[in-house]
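Structure first, then comments.
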Amino acid sequence: MARNTTAARILRDRARANRAATRARRAQTQAARRIRTAPRSLTTHIIATGAPMDVVSGAAAALRTQAKKAGVKGRAARIRRTLNGHARRTVTVYRYTAAQVAEIVAAYKPRKTEYKAVRAALLAI
C-alpha cells in the first residue's frame with residue numbers, strides 16, 4: 001500500500017510541476033505577442049524575455065527608476081486596481097514601446113547576475 005501512495009505522490013508532484021512550467025511558458029508567449037502589438041508595462045517586457053518570476057518585480061522596479069533618470073516617459077494609462085479584494089481605486093500606470101525599453105536598458109547597468117541576464121535578453125529583443 002505504501003508503494004501506491006508514493007507513486008501517487010510522485011505523479012501528483014510531477015503534474016503540479018508540469019502545470020507550473022506550462023503557466024510560465026504561456027505567460028512568456030503571451031507577453032512576447034503583446035509587446036509586438038502595442039506599448040506595454042516594463043513588467044510585461046521582462047516576462048517576454050522568459051525571466052524567472054521571482055526576478056521580474058525587482059528588475060521592473062530597477063528599470064522604472066532608470067526610466068526616470070533617463071527621462072523616458074511612457075504612455076500613461078488609467079486602470080482600476082483591486083486592493084485587498086475590494087476597493088477598486090484608479091491608478092495611473094505607464095506603458096512603454098520596445099524602442100523606449102531599449103533606450104532605458106541601454107543606460108541600465110545592473111550588478112546582480114539575474115538582472116544582468118534580464119538586461120542582455122531585453123537588448124536582444
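Here, A, B, ... name the chains of the C-alpha cells in the order displayed, residue numbers run from 1 inside each chain, and ligands are numbered from 1 in the same displayed order.
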- Write down as a ChimeraX atom specification the residues of chain A whose backbone DSSP state falls under alpha helix (DSSP H). /A:2-37,42-48,53-70,98-107,113-124
Mind checking which residues fall within 8 Å of range 94-109 of chain A, counting only C-alpha atoms, ignoring those fewer than 2 positions away in the same chain, and posting them as a PDB file with N, CA, C and O atoms, in the first residue's frame?
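Listing of selection_38.pdb after writing:
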ATOM      1  N   ILE A  35       3.871  42.579 -26.578  1.00  0.00           N
ATOM      2  CA  ILE A  35       4.807  43.692 -26.745  1.00  0.00           C
ATOM      3  C   ILE A  35       5.065  43.990 -28.212  1.00  0.00           C
ATOM      4  O   ILE A  35       5.528  45.075 -28.551  1.00  0.00           O
ATOM      5  N   ARG A  36       4.748  43.041 -29.099  1.00  0.00           N
ATOM      6  CA  ARG A  36       4.885  43.309 -30.540  1.00  0.00           C
ATOM      7  C   ARG A  36       3.738  44.168 -31.060  1.00  0.00           C
ATOM      8  O   ARG A  36       3.883  44.855 -32.059  1.00  0.00           O
ATOM      9  N   ALA A  38       1.593  46.501 -29.152  1.00  0.00           N
ATOM     10  CA  ALA A  38       1.279  47.795 -28.542  1.00  0.00           C
ATOM     11  C   ALA A  38       2.229  48.064 -27.380  1.00  0.00           C
ATOM     12  O   ALA A  38       2.899  47.147 -26.910  1.00  0.00           O
ATOM     13  N   PRO A  39       2.291  49.302 -26.917  1.00  0.00           N
ATOM     14  CA  PRO A  39       3.104  49.589 -25.725  1.00  0.00           C
ATOM     15  C   PRO A  39       2.589  48.805 -24.523  1.00  0.00           C
ATOM     16  O   PRO A  39       1.376  48.675 -24.340  1.00  0.00           O
ATOM     17  N   ARG A  40       3.510  48.292 -23.734  1.00  0.00           N
ATOM     18  CA  ARG A  40       3.146  47.506 -22.554  1.00  0.00           C
ATOM     19  C   ARG A  40       3.996  47.938 -21.364  1.00  0.00           C
ATOM     20  O   ARG A  40       4.962  48.681 -21.500  1.00  0.00           O
ATOM     21  N   SER A  41       3.674  47.403 -20.193  1.00  0.00           N
ATOM     22  CA  SER A  41       4.410  47.748 -18.983  1.00  0.00           C
ATOM     23  C   SER A  41       5.809  47.148 -19.022  1.00  0.00           C
ATOM     24  O   SER A  41       6.087  46.211 -19.779  1.00  0.00           O
ATOM     25  N   LEU A  42       6.690  47.676 -18.204  1.00  0.00           N
ATOM     26  CA  LEU A  42       8.046  47.142 -18.137  1.00  0.00           C
ATOM     27  C   LEU A  42       8.026  45.691 -17.665  1.00  0.00           C
ATOM     28  O   LEU A  42       8.824  44.873 -18.122  1.00  0.00           O
ATOM     29  N   HIS A  45       7.395  43.447 -20.610  1.00  0.00           N
ATOM     30  CA  HIS A  45       8.588  43.322 -21.439  1.00  0.00           C
ATOM     31  C   HIS A  45       9.570  42.325 -20.820  1.00  0.00           C
ATOM     32  O   HIS A  45      10.200  41.539 -21.536  1.00  0.00           O
ATOM     33  N   LEU A  63      14.224  49.078 -13.569  1.00  0.00           N
ATOM     34  CA  LEU A  63      14.037  49.730 -14.869  1.00  0.00           C
ATOM     35  C   LEU A  63      13.155  50.975 -14.759  1.00  0.00           C
ATOM     36  O   LEU A  63      13.369  51.958 -15.473  1.00  0.00           O
ATOM     37  N   GLN A  66      15.398  53.629 -13.596  1.00  0.00           N
ATOM     38  CA  GLN A  66      16.276  54.032 -14.694  1.00  0.00           C
ATOM     39  C   GLN A  66      15.525  54.869 -15.726  1.00  0.00           C
ATOM     40  O   GLN A  66      16.082  55.792 -16.307  1.00  0.00           O
ATOM     41  N   ALA A  67      14.243  54.569 -15.946  1.00  0.00           N
ATOM     42  CA  ALA A  67      13.437  55.342 -16.888  1.00  0.00           C
ATOM     43  C   ALA A  67      13.286  56.785 -16.404  1.00  0.00           C
ATOM     44  O   ALA A  67      13.355  57.731 -17.199  1.00  0.00           O
ATOM     45  N   ALA A  70      16.626  58.493 -17.024  1.00  0.00           N
ATOM     46  CA  ALA A  70      16.862  58.722 -18.447  1.00  0.00           C
ATOM     47  C   ALA A  70      15.852  59.686 -19.049  1.00  0.00           C
ATOM     48  O   ALA A  70      16.019  60.135 -20.183  1.00  0.00           O
ATOM     49  N   VAL A  72      12.748  58.983 -19.849  1.00  0.00           N
ATOM     50  CA  VAL A  72      11.871  58.302 -20.804  1.00  0.00           C
ATOM     51  C   VAL A  72      10.476  58.234 -20.196  1.00  0.00           C
ATOM     52  O   VAL A  72      10.273  57.669 -19.127  1.00  0.00           O
ATOM     53  N   LYS A  73       9.530  58.846 -20.887  1.00  0.00           N
ATOM     54  CA  LYS A  73       8.146  58.848 -20.414  1.00  0.00           C
ATOM     55  C   LYS A  73       7.349  57.843 -21.227  1.00  0.00           C
ATOM     56  O   LYS A  73       7.331  57.905 -22.454  1.00  0.00           O
ATOM     57  N   GLY A  74       6.725  56.945 -20.545  1.00  0.00           N
ATOM     58  CA  GLY A  74       5.854  56.007 -21.234  1.00  0.00           C
ATOM     59  C   GLY A  74       4.492  56.632 -21.462  1.00  0.00           C
ATOM     60  O   GLY A  74       4.206  57.737 -21.000  1.00  0.00           O
ATOM     61  N   ARG A  75       3.650  55.908 -22.150  1.00  0.00           N
ATOM     62  CA  ARG A  75       2.284  56.369 -22.379  1.00  0.00           C
ATOM     63  C   ARG A  75       1.487  56.104 -21.104  1.00  0.00           C
ATOM     64  O   ARG A  75       1.437  54.980 -20.611  1.00  0.00           O
ATOM     65  N   ALA A  76       0.848  57.129 -20.579  1.00  0.00           N
ATOM     66  CA  ALA A  76       0.072  56.991 -19.353  1.00  0.00           C
ATOM     67  C   ALA A  76      -1.246  56.291 -19.650  1.00  0.00           C
ATOM     68  O   ALA A  76      -1.858  56.502 -20.699  1.00  0.00           O
ATOM     69  N   ALA A  77      -1.658  55.441 -18.730  1.00  0.00           N
ATOM     70  CA  ALA A  77      -2.948  54.765 -18.831  1.00  0.00           C
ATOM     71  C   ALA A  77      -3.546  54.702 -17.432  1.00  0.00           C
ATOM     72  O   ALA A  77      -2.824  54.667 -16.439  1.00  0.00           O
ATOM     73  N   THR A  92      -2.664  55.356 -12.059  1.00  0.00           N
ATOM     74  CA  THR A  92      -2.011  55.676 -13.324  1.00  0.00           C
ATOM     75  C   THR A  92      -0.820  54.747 -13.506  1.00  0.00           C
ATOM     76  O   THR A  92       0.019  54.616 -12.613  1.00  0.00           O
ATOM     77  N   ARG A 111      23.958  45.107 -11.248  1.00  0.00           N
ATOM     78  CA  ARG A 111      25.047  44.401 -10.571  1.00  0.00           C
ATOM     79  C   ARG A 111      24.726  42.925 -10.348  1.00  0.00           C
ATOM     80  O   ARG A 111      25.607  42.089 -10.422  1.00  0.00           O
ATOM     81  N   LYS A 116      21.496  41.140 -14.812  1.00  0.00           N
ATOM     82  CA  LYS A 116      22.357  41.225 -15.997  1.00  0.00           C
ATOM     83  C   LYS A 116      21.808  40.343 -17.112  1.00  0.00           C
ATOM     84  O   LYS A 116      21.840  40.716 -18.289  1.00  0.00           O
ATOM     85  N   ARG A 119      18.846  42.118 -18.585  1.00  0.00           N
ATOM     86  CA  ARG A 119      19.313  43.218 -19.451  1.00  0.00           C
ATOM     87  C   ARG A 119      19.756  42.681 -20.808  1.00  0.00           C
ATOM     88  O   ARG A 119      19.403  43.216 -21.858  1.00  0.00           O
ATOM     89  N   LEU A 122      16.736  41.684 -22.834  1.00  0.00           N
ATOM     90  CA  LEU A 122      15.991  42.833 -23.333  1.00  0.00           C
ATOM     91  C   LEU A 122      16.727  43.521 -24.479  1.00  0.00           C
ATOM     92  O   LEU A 122      16.097  44.030 -25.404  1.00  0.00           O
ATOM     93  N   LEU A 123      18.043  43.544 -24.419  1.00  0.00           N
ATOM     94  CA  LEU A 123      18.819  44.129 -25.519  1.00  0.00           C
ATOM     95  C   LEU A 123      18.708  43.288 -26.787  1.00  0.00           C
ATOM     96  O   LEU A 123      18.778  43.801 -27.894  1.00  0.00           O
TER      97      LEU A 123
END
- Tell me, which residues of chain A carry DSSP strand (DSSP E), written as an MDAnalysis selection string? chainID A and resid 75:83 86:95
- Message: Between CA of Asn84 in chain A and CA of Val55 in chain A, what distance in Å does the model show, to one decimal?
- Response: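 Going from CA of Asn84 in chain A over to CA of Val55 in chain A covers 23.7 Å.
Going from CA of Gly58 in chain A to CA of Pro110 in chain A covers 11.2 Å.
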- Task: Please indicate the distance in Å from CA of Thr44 in chain A to CA of Arg23 in chain A, rounded to one decimal place.
- Result: 14.7 Å
- Task: Go through A:Lys69, A:Thr29, A:Ala62, A:Ala120 and flag the residue nearest Thr43 in chain A, using only C-alpha atoms for the distances.
- Result: A:Ala62
- Query: Looking at A:Leu83, A:Ala27, A:Ala124, A:Val118, which one is nearest to Val56 in chain A, with distances taken over only C-alpha atoms?
  - Reply: A:Val118
- Which one is closest to Tyr115 in chain A: A:Val91, A:Ala59, A:Ala7, A:Ile46? Count only C-alpha atoms.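 Once distances to Tyr115 in chain A are computed over only C-alpha atoms, the minimum belongs to A:Ala59.
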